[in-house]
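Colleague: Structure file protein.cif, mmCIF, C-alpha atoms, is pasted below:
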```
data_upload
#
loop_
_atom_site.label_atom_id
_atom_site.label_comp_id
_atom_site.auth_asym_id
_atom_site.auth_seq_id
_atom_site.Cartn_x
_atom_site.Cartn_y
_atom_site.Cartn_z
CA MET A 1 0.00 0.00 0.00
CA SER A 2 1.20 3.52 -0.75
CA THR A 3 2.47 5.30 2.34
CA SER A 4 2.90 9.03 2.84
CA GLU A 5 5.16 10.70 5.38
CA ASN A 6 3.00 13.82 5.57
CA THR A 7 -0.52 14.89 4.74
CA PRO A 8 -0.36 15.71 1.01
CA PHE A 9 -1.83 19.24 1.15
CA ASN A 10 -0.43 21.93 -1.10
CA GLY A 11 2.69 23.38 0.44
CA VAL A 12 3.36 20.29 2.57
CA ALA A 13 6.14 17.96 1.45
CA SER A 14 5.08 14.38 1.00
CA SER A 15 6.89 11.19 0.08
CA THR A 16 4.89 8.29 -1.31
CA ILE A 17 6.25 4.76 -1.44
CA VAL A 18 4.87 2.54 -4.20
CA ARG A 19 5.70 -1.13 -4.55
CA ALA A 20 6.06 -2.12 -8.20
CA THR A 21 6.67 -5.49 -9.83
CA ILE A 22 7.88 -6.52 -13.27
CA VAL A 23 6.85 -9.93 -14.55
CA GLN A 24 9.66 -11.56 -16.55
CA ALA A 25 8.17 -14.57 -18.31
CA SER A 26 7.47 -16.16 -21.67
CA THR A 27 4.23 -16.17 -23.63
CA VAL A 28 2.49 -19.50 -24.15
CA TYR A 29 2.73 -19.36 -27.93
CA ASN A 30 -0.38 -19.98 -30.03
CA ASP A 31 -2.45 -20.31 -26.86
CA THR A 32 -3.84 -17.01 -25.65
CA PRO A 33 -6.14 -18.54 -22.97
CA ALA A 34 -3.13 -20.31 -21.45
CA THR A 35 -1.13 -17.06 -21.60
CA LEU A 36 -3.91 -15.26 -19.73
CA GLU A 37 -3.91 -17.96 -17.08
CA LYS A 38 -0.14 -17.63 -16.72
CA ALA A 39 -0.54 -13.87 -16.38
CA ASN A 40 -3.16 -14.41 -13.68
CA LYS A 41 -0.76 -16.49 -11.58
CA PHE A 42 1.95 -13.86 -11.75
CA ILE A 43 -0.47 -11.02 -10.97
CA VAL A 44 -1.78 -12.88 -7.92
CA GLU A 45 1.79 -13.53 -6.74
CA ALA A 46 2.79 -9.88 -7.20
CA ALA A 47 -0.31 -8.66 -5.38
CA SER A 48 0.40 -11.04 -2.50
CA LYS A 49 3.72 -9.24 -2.04
CA GLY A 50 1.93 -5.89 -1.73
CA SER A 51 2.60 -4.62 -5.25
CA GLU A 52 0.39 -1.82 -6.53
CA LEU A 53 1.78 -1.76 -10.07
CA VAL A 54 2.46 -4.83 -12.21
CA VAL A 55 4.20 -4.49 -15.59
CA PHE A 56 4.44 -7.24 -18.24
CA PRO A 57 6.80 -7.45 -21.23
CA GLU A 58 6.22 -6.39 -24.81
CA ALA A 59 3.74 -8.63 -26.67
CA PHE A 60 3.16 -10.95 -23.71
CA ILE A 61 -0.40 -11.60 -24.92
CA GLY A 62 -0.11 -12.90 -28.47
CA GLY A 63 3.64 -13.32 -28.33
CA TYR A 64 6.76 -11.61 -29.58
CA PRO A 65 7.59 -13.58 -32.76
CA ARG A 66 11.33 -13.81 -32.17
CA GLY A 67 13.00 -15.70 -34.97
CA PHE A 68 9.82 -16.05 -37.01
CA ARG A 69 10.30 -15.36 -40.72
CA PHE A 70 6.73 -15.66 -41.98
CA GLY A 71 8.20 -16.86 -45.29
CA LEU A 72 9.34 -13.33 -46.06
CA GLY A 73 12.20 -12.28 -48.27
CA VAL A 74 12.60 -9.46 -50.74
CA GLY A 75 10.29 -10.35 -53.62
CA VAL A 76 9.49 -13.74 -52.03
CA HIS A 77 6.27 -15.01 -50.43
CA ASN A 78 5.09 -18.53 -49.67
CA GLU A 79 2.03 -20.39 -48.40
CA GLU A 80 3.72 -21.65 -45.24
CA GLY A 81 4.52 -18.09 -44.19
CA ARG A 82 0.97 -16.99 -44.86
CA ASP A 83 -0.37 -19.78 -42.66
CA GLU A 84 2.10 -18.89 -39.94
CA PHE A 85 0.69 -15.36 -39.97
CA ARG A 86 -2.84 -16.81 -39.79
CA LYS A 87 -1.90 -18.52 -36.51
CA TYR A 88 -0.25 -15.39 -35.18
CA HIS A 89 -3.30 -13.29 -36.05
CA ALA A 90 -5.51 -15.81 -34.26
CA SER A 91 -3.47 -15.36 -31.06
CA ALA A 92 -3.87 -11.57 -31.13
CA ILE A 93 -6.70 -9.85 -29.25
CA LYS A 94 -9.26 -7.19 -30.04
CA VAL A 95 -9.19 -3.99 -28.00
CA PRO A 96 -11.71 -3.74 -26.45
CA GLY A 97 -12.67 -7.39 -26.36
CA PRO A 98 -13.15 -10.38 -24.04
CA GLU A 99 -9.45 -10.71 -23.20
CA VAL A 100 -9.30 -7.03 -22.27
CA GLU A 101 -12.33 -7.54 -20.01
CA LYS A 102 -10.55 -10.50 -18.39
CA LEU A 103 -7.40 -8.46 -17.76
CA ALA A 104 -9.49 -5.63 -16.27
CA GLU A 105 -11.12 -8.19 -13.98
CA LEU A 106 -7.70 -9.47 -12.87
CA ALA A 107 -6.49 -5.94 -12.12
CA GLY A 108 -9.63 -5.23 -10.08
CA LYS A 109 -9.60 -8.54 -8.23
CA ASN A 110 -5.96 -8.04 -7.21
CA ASN A 111 -6.22 -4.27 -6.61
CA VAL A 112 -3.30 -3.35 -8.88
CA TYR A 113 -2.51 -1.04 -11.73
CA LEU A 114 -1.63 -3.31 -14.63
CA VAL A 115 0.42 -2.58 -17.75
CA MET A 116 0.19 -5.44 -20.22
CA GLY A 117 2.05 -5.91 -23.49
CA ALA A 118 -0.24 -7.38 -26.15
CA ILE A 119 -0.63 -7.94 -29.86
CA GLU A 120 -3.78 -6.12 -30.85
CA LYS A 121 -5.74 -6.93 -33.98
CA ASP A 122 -7.78 -4.28 -35.74
CA GLY A 123 -9.35 -6.14 -38.62
CA TYR A 124 -6.43 -7.98 -40.15
CA THR A 125 -3.72 -5.51 -39.18
CA LEU A 126 -1.80 -6.20 -35.99
CA TYR A 127 -0.36 -3.64 -33.57
CA CYS A 128 2.15 -4.02 -30.76
CA THR A 129 0.28 -2.40 -27.89
CA ALA A 130 0.56 -1.61 -24.19
CA LEU A 131 -2.73 -1.87 -22.29
CA PHE A 132 -3.43 0.00 -19.03
CA PHE A 133 -5.80 -1.09 -16.25
CA SER A 134 -6.80 0.34 -12.87
CA PRO A 135 -7.29 -1.34 -9.47
CA GLN A 136 -11.01 -0.59 -9.89
CA GLY A 137 -11.10 -3.11 -12.74
CA GLN A 138 -11.29 -0.48 -15.48
CA PHE A 139 -9.55 -0.54 -18.84
CA LEU A 140 -7.88 2.88 -18.95
CA GLY A 141 -6.62 2.84 -22.53
CA LYS A 142 -3.73 1.83 -24.74
CA HIS A 143 -0.52 2.87 -26.43
CA ARG A 144 0.22 1.50 -29.89
CA LYS A 145 3.90 1.21 -30.78
CA LEU A 146 4.62 4.10 -33.13
CA MET A 147 7.47 2.55 -35.08
CA PRO A 148 8.02 -1.21 -35.28
CA THR A 149 11.65 -2.22 -35.73
CA SER A 150 13.13 -3.94 -38.77
CA LEU A 151 11.06 -6.98 -39.90
CA GLU A 152 8.39 -6.12 -37.29
CA ARG A 153 7.16 -3.58 -39.87
CA CYS A 154 6.10 -6.46 -42.13
CA ILE A 155 3.71 -7.88 -39.52
CA TRP A 156 2.71 -4.91 -37.34
CA GLY A 157 1.07 -1.61 -38.23
CA GLN A 158 2.31 1.74 -36.95
CA GLY A 159 0.60 3.65 -34.17
CA ASP A 160 -0.26 7.36 -34.30
CA GLY A 161 -0.28 10.28 -31.89
CA SER A 162 -3.75 9.51 -30.57
CA THR A 163 -2.44 6.75 -28.28
CA ILE A 164 0.34 8.41 -26.30
CA PRO A 165 -1.31 8.45 -22.87
CA VAL A 166 0.13 9.37 -19.50
CA TYR A 167 -2.39 8.58 -16.77
CA ASP A 168 -2.47 10.70 -13.61
CA THR A 169 -3.05 8.06 -10.92
CA PRO A 170 -2.81 8.05 -7.12
CA ILE A 171 0.49 6.14 -7.41
CA GLY A 172 2.04 8.51 -9.96
CA LYS A 173 1.80 9.51 -13.60
CA LEU A 174 1.91 6.33 -15.65
CA GLY A 175 2.83 5.79 -19.30
CA ALA A 176 4.84 3.57 -21.62
CA ALA A 177 7.31 3.41 -24.48
CA ILE A 178 7.68 0.04 -26.19
CA CYS A 179 11.10 -1.41 -27.01
CA TRP A 180 13.09 0.74 -29.45
CA GLU A 181 10.61 3.61 -29.17
CA ASN A 182 12.83 4.30 -26.18
CA ARG A 183 15.55 5.28 -28.64
CA MET A 184 13.31 8.01 -30.12
CA PRO A 185 14.27 11.27 -28.34
CA LEU A 186 11.17 13.16 -29.51
CA TYR A 187 8.81 10.44 -28.27
CA ARG A 188 10.55 10.43 -24.89
CA THR A 189 10.23 14.21 -24.78
CA ALA A 190 6.49 13.97 -25.41
CA LEU A 191 6.16 11.64 -22.42
CA TYR A 192 8.29 13.92 -20.26
CA ALA A 193 6.10 16.88 -21.24
CA LYS A 194 3.08 14.96 -19.96
CA GLY A 195 4.77 14.60 -16.59
CA ILE A 196 5.51 10.88 -16.66
CA GLU A 197 6.81 9.53 -13.33
CA LEU A 198 6.35 5.78 -13.80
CA TYR A 199 7.94 5.16 -17.18
CA CYS A 200 7.14 1.61 -18.29
CA ALA A 201 9.34 0.13 -21.00
CA PRO A 202 8.00 -3.24 -22.17
CA THR A 203 10.65 -4.61 -24.51
CA ALA A 204 12.06 -7.56 -26.44
CA ASP A 205 15.63 -6.26 -26.10
CA GLY A 206 17.49 -8.31 -23.53
CA SER A 207 20.95 -7.03 -24.45
CA LYS A 208 23.43 -5.68 -21.95
CA GLU A 209 23.51 -2.44 -23.95
CA TRP A 210 19.78 -1.97 -23.26
CA GLN A 211 20.61 -1.40 -19.61
CA SER A 212 22.52 1.74 -20.56
CA SER A 213 19.46 3.13 -22.37
CA MET A 214 17.23 2.49 -19.37
CA LEU A 215 19.68 4.17 -17.00
CA HIS A 216 19.96 7.19 -19.28
CA ILE A 217 16.18 7.59 -19.59
CA ALA A 218 15.69 7.43 -15.81
CA ILE A 219 18.22 10.24 -15.35
CA GLU A 220 17.13 12.24 -18.40
CA GLY A 221 13.43 12.10 -17.56
CA GLY A 222 13.77 12.24 -13.79
CA CYS A 223 11.40 9.28 -13.61
CA PHE A 224 11.26 5.67 -12.48
CA VAL A 225 11.96 3.29 -15.36
CA LEU A 226 10.45 -0.19 -15.29
CA SER A 227 11.79 -2.26 -18.18
CA ALA A 228 10.05 -5.62 -18.67
CA CYS A 229 11.44 -8.24 -21.05
CA GLN A 230 10.44 -11.85 -21.68
CA PHE A 231 12.69 -14.70 -20.63
CA CYS A 232 12.28 -17.49 -23.19
CA LEU A 233 13.85 -20.82 -23.95
CA ARG A 234 13.86 -22.41 -27.40
CA LYS A 235 11.32 -24.97 -26.17
CA ASP A 236 8.87 -22.14 -25.36
CA PHE A 237 8.39 -21.53 -29.08
CA PRO A 238 6.43 -23.66 -31.56
CA ASP A 239 8.65 -26.18 -33.31
CA HIS A 240 9.64 -24.84 -36.70
CA PRO A 241 12.82 -25.53 -38.73
CA ASP A 242 12.87 -22.03 -40.25
CA TYR A 243 13.11 -20.05 -37.00
CA LEU A 244 16.29 -18.06 -36.63
CA PHE A 245 17.63 -18.01 -33.07
CA THR A 246 21.12 -16.58 -33.14
CA ASP A 247 20.81 -13.66 -30.74
CA TRP A 248 22.67 -15.23 -27.85
CA TYR A 249 23.44 -18.88 -28.61
CA ASP A 250 24.05 -20.90 -31.77
CA ASP A 251 23.08 -24.27 -30.33
CA LYS A 252 19.60 -25.71 -30.85
CA GLU A 253 19.01 -27.46 -27.54
CA PRO A 254 15.45 -27.18 -26.13
CA ASP A 255 16.74 -25.41 -23.00
CA SER A 256 18.79 -22.86 -24.94
CA ILE A 257 18.04 -19.28 -23.88
CA VAL A 258 16.76 -17.24 -26.83
CA SER A 259 15.44 -14.24 -24.90
CA GLN A 260 17.49 -13.59 -21.79
CA GLY A 261 15.29 -11.07 -20.00
CA GLY A 262 17.24 -8.38 -18.23
CA SER A 263 14.18 -6.76 -16.65
CA VAL A 264 15.19 -3.90 -14.39
CA ILE A 265 13.80 -1.08 -12.21
CA ILE A 266 15.79 2.17 -12.00
CA SER A 267 15.16 5.30 -9.93
CA PRO A 268 15.16 8.93 -11.17
CA LEU A 269 18.53 9.30 -9.43
CA GLY A 270 20.03 6.53 -11.59
CA GLN A 271 20.02 3.87 -8.89
CA VAL A 272 19.23 0.28 -9.93
CA LEU A 273 16.54 -0.76 -7.46
CA ALA A 274 15.92 -4.31 -8.71
CA GLY A 275 17.35 -6.53 -11.42
CA PRO A 276 18.54 -6.97 -14.02
CA ASN A 277 17.63 -10.65 -14.11
CA PHE A 278 19.29 -12.57 -16.97
CA GLU A 279 18.76 -16.02 -15.51
CA SER A 280 15.12 -17.07 -15.25
CA GLU A 281 11.43 -16.29 -15.27
CA GLY A 282 10.20 -14.54 -12.17
CA LEU A 283 9.24 -11.29 -10.45
CA ILE A 284 11.41 -8.21 -10.10
CA THR A 285 10.07 -6.01 -7.28
CA ALA A 286 11.12 -2.70 -5.76
CA ASP A 287 9.74 0.01 -3.49
CA LEU A 288 9.66 3.35 -5.30
CA ASP A 289 9.98 6.57 -3.32
CA LEU A 290 8.14 9.09 -5.50
CA GLY A 291 9.94 11.85 -3.64
CA ASP A 292 12.96 10.92 -5.76
CA VAL A 293 11.25 12.54 -8.75
CA ALA A 294 11.44 15.99 -7.13
CA ARG A 295 14.94 15.27 -5.83
CA ALA A 296 16.13 14.47 -9.34
CA LYS A 297 14.48 17.53 -10.90
CA LEU A 298 16.40 19.93 -8.64
CA TYR A 299 19.32 19.84 -11.06
CA PHE A 300 17.70 18.75 -14.32
CA ASP A 301 14.13 19.11 -15.62
CA VAL A 302 14.30 18.33 -19.33
CA VAL A 303 10.97 20.01 -20.17
CA GLY A 304 11.18 22.66 -17.43
CA HIS A 305 14.06 24.79 -16.16
CA TYR A 306 16.62 22.89 -18.29
CA SER A 307 14.73 23.34 -21.57
CA LYS A 308 15.38 26.13 -24.08
CA PRO A 309 11.99 26.90 -25.68
CA ASP A 310 13.43 29.99 -27.35
CA VAL A 311 15.69 27.69 -29.35
CA PHE A 312 13.98 24.27 -29.42
CA SER A 313 10.32 23.26 -29.68
CA LEU A 314 8.37 20.07 -30.30
CA THR A 315 4.89 19.72 -31.80
CA VAL A 316 3.04 16.45 -31.23
CA ASN A 317 0.06 15.61 -33.45
CA GLU A 318 -2.38 13.68 -31.26
CA HIS A 319 -5.14 13.39 -33.85
CA PRO A 320 -5.99 9.83 -34.97
CA LYS A 321 -4.94 9.06 -38.52
CA LYS A 322 -7.56 6.94 -40.26
CA PRO A 323 -6.95 5.58 -43.77
CA VAL A 324 -10.62 5.88 -44.68
CA THR A 325 -13.21 8.43 -43.53
CA LEU A 326 -16.79 7.70 -44.52
CA ILE A 327 -19.09 10.68 -44.90
CA SER A 328 -22.69 9.55 -45.15
CA LYS A 329 -24.78 10.98 -47.95
CA VAL A 330 -27.59 13.20 -46.63
CA GLU A 331 -30.83 12.47 -48.44
CA LYS A 332 -32.90 15.52 -49.34
CA VAL A 333 -36.21 15.51 -47.52
CA GLU A 334 -39.21 15.93 -49.83
CA GLY A 335 -40.56 19.45 -49.62
CA ASP A 336 -37.28 20.83 -48.27
CA SER A 337 -36.87 24.28 -49.86
CA ASN A 338 -33.11 24.47 -49.12
CA LYS A 339 -31.03 24.03 -52.28
#
```
Represent the structure of the file as C-alpha cells.
Modeller:
Amino acid sequence: MSTSENTPFNGVASSTIVRATIVQASTVYNDTPATLEKANKFIVEAASKGSELVVFPEAFIGGYPRGFRFGLGVGVHNEEGRDEFRKYHASAIKVPGPEVEKLAELAGKNNVYLVMGAIEKDGYTLYCTALFFSPQGQFLGKHRKLMPTSLERCIWGQGDGSTIPVYDTPIGKLGAAICWENRMPLYRTALYAKGIELYCAPTADGSKEWQSSMLHIAIEGGCFVLSACQFCLRKDFPDHPDYLFTDWYDDKEPDSIVSQGGSVIISPLGQVLAGPNFESEGLITADLDLGDVARAKLYFDVVGHYSKPDVFSLTVNEHPKKPVTLISKVEKVEGDSNK
C-alpha cells in the first residue's frame, strides 16, 4: 500500500512509497487462454507481495515472434509463411474485447494497476500495444507502438499520436514506451512533457547495452523506469525448422536461452533498485519513493528549467490518422426548400 510521510496538502512535502513489480516470463505461444492464465498467476503472486503496479513485457499476450520469418524475403512469399501469420493473427486480441475484459477483472480482483504488453488486432492488421488497467477493474486505454523495428514492420502496423497516454493516478503519472521507441528522443520528450513519473518500457531487447538506455532515460526524464522483457527458452516456441535463433546462442538445444530477459527497475537518481535478471522467469520487485522525482528535478528538468523553448520546440500531433473516412450521404427531404 502507498504510504505518505505527511498529509499531502499543497505546500506540505510528501513522500509516497509505491511497490512495483515486473513480470519476466514467456508467452504460451499460439495459446492465448493459457497465456492469460499464466498472467493471472503472476499477478496474484505480485499482489500477495503488496505490489500496486504490475508491468508485463512487450507482446506478452499474443507473443513476440522472435526468430519467425513468416516466409518473407525481398520479392518472395510462400504459403507456409501466410499460414504462420494466420496462426499469429488468431493469437492476437481485439481492444476492447473479451481478453481485455478478463485483464481488467484481474487488475480489479488483485487491486493493482496493470500494464500489459499485447498484440492487438484491428481487422487484419496487428499492432504491438501496451494496455493500461486500474485497481477498480477499469480498462484505462492503450498505447500502440509508433514505429516497429526492422522486420516487425512487415507484420505490425504503426501507431499514431492519438495513443500516447500518461495517466495521472494516485500512485504517480503512468505511461509507456515500447522497445526501441525508447531510442526516439522526440517520443521520450512527449512523455516527459506529460509529466511521466512511472515510465514503463515493455521490450524484447534483452541485451546488456539496453541497460545503458534504461539508465539514461531514468536520469534524463527524472522518472522511475520499469523495463520488462520476456525470458524465453527455445522450447517455449512452436517447433519450426525455419526459426532463426542466433541472438545469444548458436546451439539448438530445447533449453537454450533465446530471450534472456534483463528486466530492471531504475530510480530517477540513476540507482538500480531491482534486477537486471538474466537467468530465469520470475518477479522483479522494488519500493519506489516518488519523492525521488522531485529530488532528481532539482538539477535537471528536461521540459522545465533545463529546456530552451526559445531555441527548441516540439509539436506532437495527437489526432488519430484513419486511412478511410466515410461521410454519409444526406438524403434531401421531400418538400425541403433548401437548395
Colleague: For Ile155 (chain A), which residue out of A:Lys321, A:Lys173, A:Arg86, A:Lys208 is the nearest one, using only C-alpha atoms?
Modeller: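 Answer, going by the shortest atom-to-atom distance: A:Arg86.
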Colleague: Could you expand the PyMOL selection byres ((chain A and resi 145) around 9) into the explicit residues it covers here, written as an MDAnalysis selection string?
Modeller: chainID A and resid 127:130 143:144 146:148 157:160 163 177:179 181
Colleague: Hey, can you spit out that residue selection with C-alpha atoms as a short mmCIF file (atom, residue, chain, number, x, y, z; two decimals), keeping the file's coordinate frame?
Modeller:
```cif
data_model
loop_
_atom_site.label_atom_id
_atom_site.label_comp_id
_atom_site.auth_asym_id
_atom_site.auth_seq_id
_atom_site.Cartn_x
_atom_site.Cartn_y
_atom_site.Cartn_z
CA TYR A 127 -0.36 -3.64 -33.57
CA CYS A 128 2.15 -4.02 -30.76
CA THR A 129 0.28 -2.40 -27.89
CA ALA A 130 0.56 -1.61 -24.19
CA HIS A 143 -0.52 2.87 -26.43
CA ARG A 144 0.22 1.50 -29.89
CA LEU A 146 4.62 4.10 -33.13
CA MET A 147 7.47 2.55 -35.08
CA PRO A 148 8.02 -1.21 -35.28
CA GLY A 157 1.07 -1.61 -38.23
CA GLN A 158 2.31 1.74 -36.95
CA GLY A 159 0.60 3.65 -34.17
CA ASP A 160 -0.26 7.36 -34.30
CA THR A 163 -2.44 6.75 -28.28
CA ALA A 177 7.31 3.41 -24.48
CA ILE A 178 7.68 0.04 -26.19
CA CYS A 179 11.10 -1.41 -27.01
CA GLU A 181 10.61 3.61 -29.17
#
```
Colleague: Go ahead and compute the interatomic distance for CA of Ala228 (chain A) and CA of Ser213 (chain A), in Å to one decimal.
Modeller: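 Those two atoms sit 13.4 Å apart.
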Colleague: What separation in Å, quoted to one decimal, exists between CA of Pro202 (chain A) and CA of Val55 (chain A)?
Modeller: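 Computed distance, CA of Pro202 (chain A) to CA of Val55 (chain A), equals 7.7 Å.
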Colleague: Might you pull out every residue within 6 Å of Gly222 (chain A), with only C-alpha atoms counted and same-chain residues fewer than 5 positions away left off, and present them as a list of chain:residue names?
Modeller: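 The residues satisfying every condition are A:Pro268, A:Val293, A:Ala296.
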Colleague: Which residue is closest to Gly73 (chain A)? Choose from A:Leu36, A:Pro276, A:Leu288, A:Leu151 and count only C-alpha atoms.
Modeller: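 For Gly73 (chain A), the nearest of the candidates is A:Leu151.
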Colleague: Could you tell me, as an MDAnalysis selection string, exactly which residues end up selected when the PyMOL selection byres ((chain A and resi 184-190) around 10) is applied to this structure?
Modeller: chainID A and resid 146:147 161 164:166 176:177 180:183 191:196 199 217 220:221 302:303 314:316
Colleague: Can you measure CA of Val18 (chain A) to CA of Leu53 (chain A) for me? One decimal in Å is fine.
Modeller: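 Going from CA of Val18 (chain A) over to CA of Leu53 (chain A) covers 7.9 Å.
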Colleague: Using all atoms listed in the file, can you list as number ranges by chain the residues within 10 Å of (9.4, -11.9, -35.0)?
Modeller: A: 63-70, 149-156, 204, 243-244
Colleague: Applying the PyMOL selection byres ((chain A and resi 87-89) around 8) to the file I just gave you, which residues come out? Please list them as a list in words.
Modeller: Asn30, Gly62, Asp83, Glu84, Phe85, Arg86, Ala90, Ser91, Ala92, Lys121, Tyr124 and Leu126 of chain A
Colleague: I want to know what sits within 10 Å of region 261-263 of chain A, based on only C-alpha atoms, with residues of the same chain fewer than 5 positions away left out; could you give that as an MDAnalysis selection string?
Modeller: chainID A and resid 22:26 56:57 201:208 210:211 226:232 274:284
Colleague: Let me make sure I understand: among A:Phe224, A:Phe139, A:Phe132, A:Phe237, which one has the smallest atom-to-atom distance to Val272 (chain A) if we use only C-alpha atoms?
Modeller: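 Under the stated criterion, the closest residue is A:Phe224.
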Colleague: Env of Pro135 (chain A): 8 Å cut, atoms = all atoms listed in the file, seq-sep filter 2 positions within chain, self excluded. Answer as a PyMOL selection string.
Modeller: chain A and resi 107-114+133+137-138
Colleague: Find the residue from A:Pro170, A:Pro238, A:Gly50, A:Gly75 that sits nearest to Thr27 (chain A); use all atoms listed in the file when measuring.
Modeller: A:Pro238
Colleague: Name the closest residue to Ser51 (chain A) among the candidates A:Thr32, A:Ser307, A:Gln260, A:Thr285; distances are taken between atoms, counting only C-alpha atoms.
Modeller: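 Closest candidate: A:Thr285.
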Colleague: Tell me which of A:Lys297, A:Tyr167, A:Asp287, A:Asp122 sits closest to Cys223 (chain A), counting only C-alpha atoms.
Modeller: A:Lys297
